[in-house]
Amino acid sequence: MTTATADVREAFPLAPEGGRIPYSSAPPSGPYTRPWILRFARVPDATQAIVKPPAVYDNELQMSRGLYDGPLPYMQTHNPTVPDGNVKNPPPLDEGAKD
Amino acid sequence: MPTVLVIAARDDWPTDRVVKALTDGGAEVFRMDTAEFPQEVTLAGRIDARRGWSGGLTTAHRAVSLADVSAVYYRAPNPFSLPATMSKPEHRFAAAQARAGLGGIITALDCRWVSHPAAMSRAEYKPLQLATARTCGLTVPPTLITNSRDAVRAFVGDVTGPIVCKPVATPVFIEDDQFKAVYTRRVTEDDLADLRGIDTTAHLFQAWVDKAYEVRLTVVGDRLFAAEVHAGSDAAHTDWRSDYRSLTYRIGTAPPNVVEGVRRYMDRLDLRFAAFDFVVSPDGVWTYLEANPCGQWDWIEHATGLPIAQAIADELQGVSR
């Protein structure tokens, strides 16, 4: 029996297993196998990175709140996230980091 | 009671703003991340000849009847969280069942969407974006997508002026223990002298559009919020994502032909939210670059005061302002 199915992930897209940006310690390959455009890849400017303040999700409010006194976390989201090169703490969604 | 179903990551703080706008306005909200299924969210959906999907979603804190869901806000949720003790085949099987079961019921809901996930998936593809924009009357730059070195050289010869290259899909990745990004680059003669690697995958080249400034046009339902993005550095002039700190913003106005084209684009791709990027030339011509159906908007709201979160909440509730 041959089974042909469309990829249903397209109809209900989720972030990939293992995170939006999978971790790897593999180094670049060579010029014949590395995509040409990747020669222009660079580590983003860490000085512009936004450190996310500590927060906890409040199930009653259905939103995050700060661990300490101060504004709700959503009040602090007004700076676009900038990848800071820290692979242990990848940034949330940013312009261009699409599914 | 009519309820807005919000499906997003718990730490997606811009979604918090939408939830706040909804609840401040008296709306009932049921927020979940797909990562909570199946261990923290229970689904019991029934359908029969008499009525459509009924039953509901339940967490330890609240429940919603599927019949009460009046709108869904869908914003990049996480994968299902399945028991760690599952074998890999069991995990794959269970994840597929969850996607088809939970995802299938949710996407079958006949209600307002911002936006329907199937429409969002389709609208992510840059080639479709460009074709749609062109069909809808928006100006698009000459573009080449290829894995052929000869095609690149021919395109460079055909285009008058500089060209840029940019990723066709996500521009970020991790390799060598480092987080890296590929921004738009103005291609130099030296770059073109060595095209090894072009044949390894699809590459996108585009004619450089001379720009006075760029515009982030956030569209929510029928409302358009134009924010001019003025670059303060050479890097930001090429790709404003590469140097946020140098940017300044002003509220702008889209010309009527762009408004008309954008509305057609939204209708054609069945979107109720999208973040459009335009280049505005020194003589005032708007050129479409792309439209992200799940684009960020929060920093634009902060920088300009444009009420985007409220507009999303309004759209979810069917409120016109």
# chains A, B, ... in the order shown; residues from 1 in each chain; ligands from 1
>>> interface_residues(of="chain B", to="chain A", cutoff="6 Å", atoms="only C-alpha atoms", output="list in words")
Trp13, Asp16, Pro77, Asn78, Pro79, Gly103, Pro117, Ala118, Ser121, Thr170, Phe173, Ile174, Glu175, Asp176, Asp177, Gln178, Phe179, Lys180, Ala181, Val182, Arg196, Gly197, Ile198, Thr200, Asp298, Trp299 and His302 of chain B
>>> write_last_selection(atoms="C-alpha atoms", output="PDB file, in the first residue's frame")
ATOM      1  CA  TRP B  13       5.361  39.206  26.523  1.00  0.00           C
ATOM      2  CA  ASP B  16       0.627  39.795  27.517  1.00  0.00           C
ATOM      3  CA  PRO B  77       3.389  28.489  20.084  1.00  0.00           C
ATOM      4  CA  ASN B  78       5.813  25.810  21.239  1.00  0.00           C
ATOM      5  CA  PRO B  79       5.863  22.089  20.430  1.00  0.00           C
ATOM      6  CA  GLY B 103      -4.484  21.300  16.122  1.00  0.00           C
ATOM      7  CA  PRO B 117      -2.279  29.284  11.221  1.00  0.00           C
ATOM      8  CA  ALA B 118      -2.617  27.662   7.807  1.00  0.00           C
ATOM      9  CA  SER B 121       2.276  29.254   7.211  1.00  0.00           C
ATOM     10  CA  THR B 170      15.238  32.297   8.750  1.00  0.00           C
ATOM     11  CA  PHE B 173      21.320  29.817  13.443  1.00  0.00           C
ATOM     12  CA  ILE B 174      23.818  28.388  15.892  1.00  0.00           C
ATOM     13  CA  GLU B 175      27.088  26.784  14.793  1.00  0.00           C
ATOM     14  CA  ASP B 176      30.474  26.452  16.375  1.00  0.00           C
ATOM     15  CA  ASP B 177      28.813  27.246  19.736  1.00  0.00           C
ATOM     16  CA  GLN B 178      27.941  30.702  18.447  1.00  0.00           C
ATOM     17  CA  PHE B 179      24.682  32.418  17.650  1.00  0.00           C
ATOM     18  CA  LYS B 180      24.897  33.963  14.200  1.00  0.00           C
ATOM     19  CA  ALA B 181      22.692  36.086  11.971  1.00  0.00           C
ATOM     20  CA  VAL B 182      22.749  36.841   8.257  1.00  0.00           C
ATOM     21  CA  ARG B 196      31.425  28.713  -4.527  1.00  0.00           C
ATOM     22  CA  GLY B 197      28.550  27.498  -2.382  1.00  0.00           C
ATOM     23  CA  ILE B 198      25.788  29.106  -4.432  1.00  0.00           C
ATOM     24  CA  THR B 200      24.377  24.243  -2.190  1.00  0.00           C
ATOM     25  CA  ASP B 298       5.657  45.818  20.400  1.00  0.00           C
ATOM     26  CA  TRP B 299       8.688  48.064  20.003  1.00  0.00           C
ATOM     27  CA  HIS B 302       6.402  51.905  22.240  1.00  0.00           C
TER      28      HIS B 302
END
>>> residues_around(residues="Tyr73 of chain B", least_positions_apart="4", cutoff="10 Å", atoms="only C-alpha atoms", output="PDB file with C-alpha atoms, in the first residue's frame")
ATOM      1  CA  VAL B   4     -10.977  34.632  23.060  1.00  0.00           C
ATOM      2  CA  LEU B   5      -8.587  31.701  22.798  1.00  0.00           C
ATOM      3  CA  VAL B   6      -4.973  32.879  22.905  1.00  0.00           C
ATOM      4  CA  ILE B   7      -2.364  30.357  21.748  1.00  0.00           C
ATOM      5  CA  ALA B   8       1.155  31.608  22.368  1.00  0.00           C
ATOM      6  CA  THR B  15       0.986  38.685  23.878  1.00  0.00           C
ATOM      7  CA  VAL B  18      -3.026  41.773  24.056  1.00  0.00           C
ATOM      8  CA  VAL B  19      -4.352  39.718  26.974  1.00  0.00           C
ATOM      9  CA  ARG B  31      -4.667  31.451  27.133  1.00  0.00           C
ATOM     10  CA  ARG B 112     -12.438  35.198  14.003  1.00  0.00           C
ATOM     11  CA  TRP B 113      -8.727  34.480  13.612  1.00  0.00           C
ATOM     12  CA  VAL B 114      -5.654  36.652  13.994  1.00  0.00           C
ATOM     13  CA  SER B 115      -4.591  34.906  11.869  1.00  0.00           C
ATOM     14  CA  HIS B 116      -5.486  31.364  10.871  1.00  0.00           C
ATOM     15  CA  PRO B 117      -2.279  29.284  11.221  1.00  0.00           C
ATOM     16  CA  ILE B 312      -5.361  43.296  17.916  1.00  0.00           C
ATOM     17  CA  ALA B 313      -7.719  43.042  20.890  1.00  0.00           C
ATOM     18  CA  GLU B 315      -9.946  42.719  15.902  1.00  0.00           C
ATOM     19  CA  LEU B 316     -10.346  39.629  18.069  1.00  0.00           C
TER      20      LEU B 316
END
>>> closest_residue(among="B:Asp158, B:Asp33, B:Asp191, B:Asp277", to="Leu102 of chain B", atoms="only C-alpha atoms")
B:Asp33
>>> atom_distance(atom1="atom CA of Val140 of chain B", atom2="atom CA of Tyr288 of chain B")
5.2 Å
>>> closest_residue(among="B:Val220, B:Val259, B:Cys111, B:Ala35", to="Ala133 of chain B", atoms="only C-alpha atoms")
B:Val259
>>> residues_around(residues="Arg250 of chain B", least_positions_apart="6", cutoff="10 Å", atoms="only C-alpha atoms", output="MDAnalysis selection string")
chainID B and resid 215 226:230 300 303:305
>>> select_by_dssp(residues="segment 90-284 of chain B", states="alpha helix (DSSP H)", output="JSON, numbers by chain")
{"B": [90, 91, 92, 93, 94, 95, 96, 97, 98, 104, 105, 106, 107, 117, 118, 119, 120, 121, 122, 123, 126, 127, 128, 129, 130, 131, 132, 133, 134, 135, 149, 150, 151, 152, 153, 154, 155, 156, 157, 158, 189, 190, 191, 192, 193, 234, 235, 236, 237, 238, 256, 257, 258, 259, 260, 261, 262, 263, 264, 265, 266, 267, 268]}
>>> atom_distance(atom1="atom CA of Asp234 of chain B", atom2="atom CA of Ala207 of chain B")
17.8 Å
>>> residues_around(residues="Leu138 of chain B", least_positions_apart="2", cutoff="8 Å", atoms="only C-alpha atoms", output="list of chain:residue names")
B:Ala133, B:Arg134, B:Thr135, B:Cys136, B:Val140, B:Asn257, B:Val258, B:Gly261, B:Val262, B:Thr287, B:Tyr288
>>> atom_distance(atom1="atom CA of Glu301 of chain B", atom2="atom CA of Phe273 of chain B")
14.7 Å
>>> residues_around(residues="Glu40 of chain B", least_positions_apart="3", cutoff="9 Å", atoms="only C-alpha atoms", output="number ranges by chain")
B: 35-37, 58-60
>>> write_last_selection(atoms="C-alpha atoms", output="PDB file, in the first residue's frame")
ATOM      1  CA  ALA B  35       3.495  23.039  25.009  1.00  0.00           C
ATOM      2  CA  GLU B  36       0.939  22.534  27.803  1.00  0.00           C
ATOM      3  CA  PHE B  37      -0.737  19.767  25.799  1.00  0.00           C
ATOM      4  CA  THR B  58      -9.464  22.417  30.510  1.00  0.00           C
ATOM      5  CA  THR B  59      -6.468  23.347  32.617  1.00  0.00           C
ATOM      6  CA  ALA B  60      -6.004  23.280  36.374  1.00  0.00           C
TER       7      ALA B  60
END
>>> closest_residue(among="B:Pro141, B:Pro293, B:Pro256, B:Gly232", to="Phe205 of chain B", atoms="only C-alpha atoms")
B:Pro141
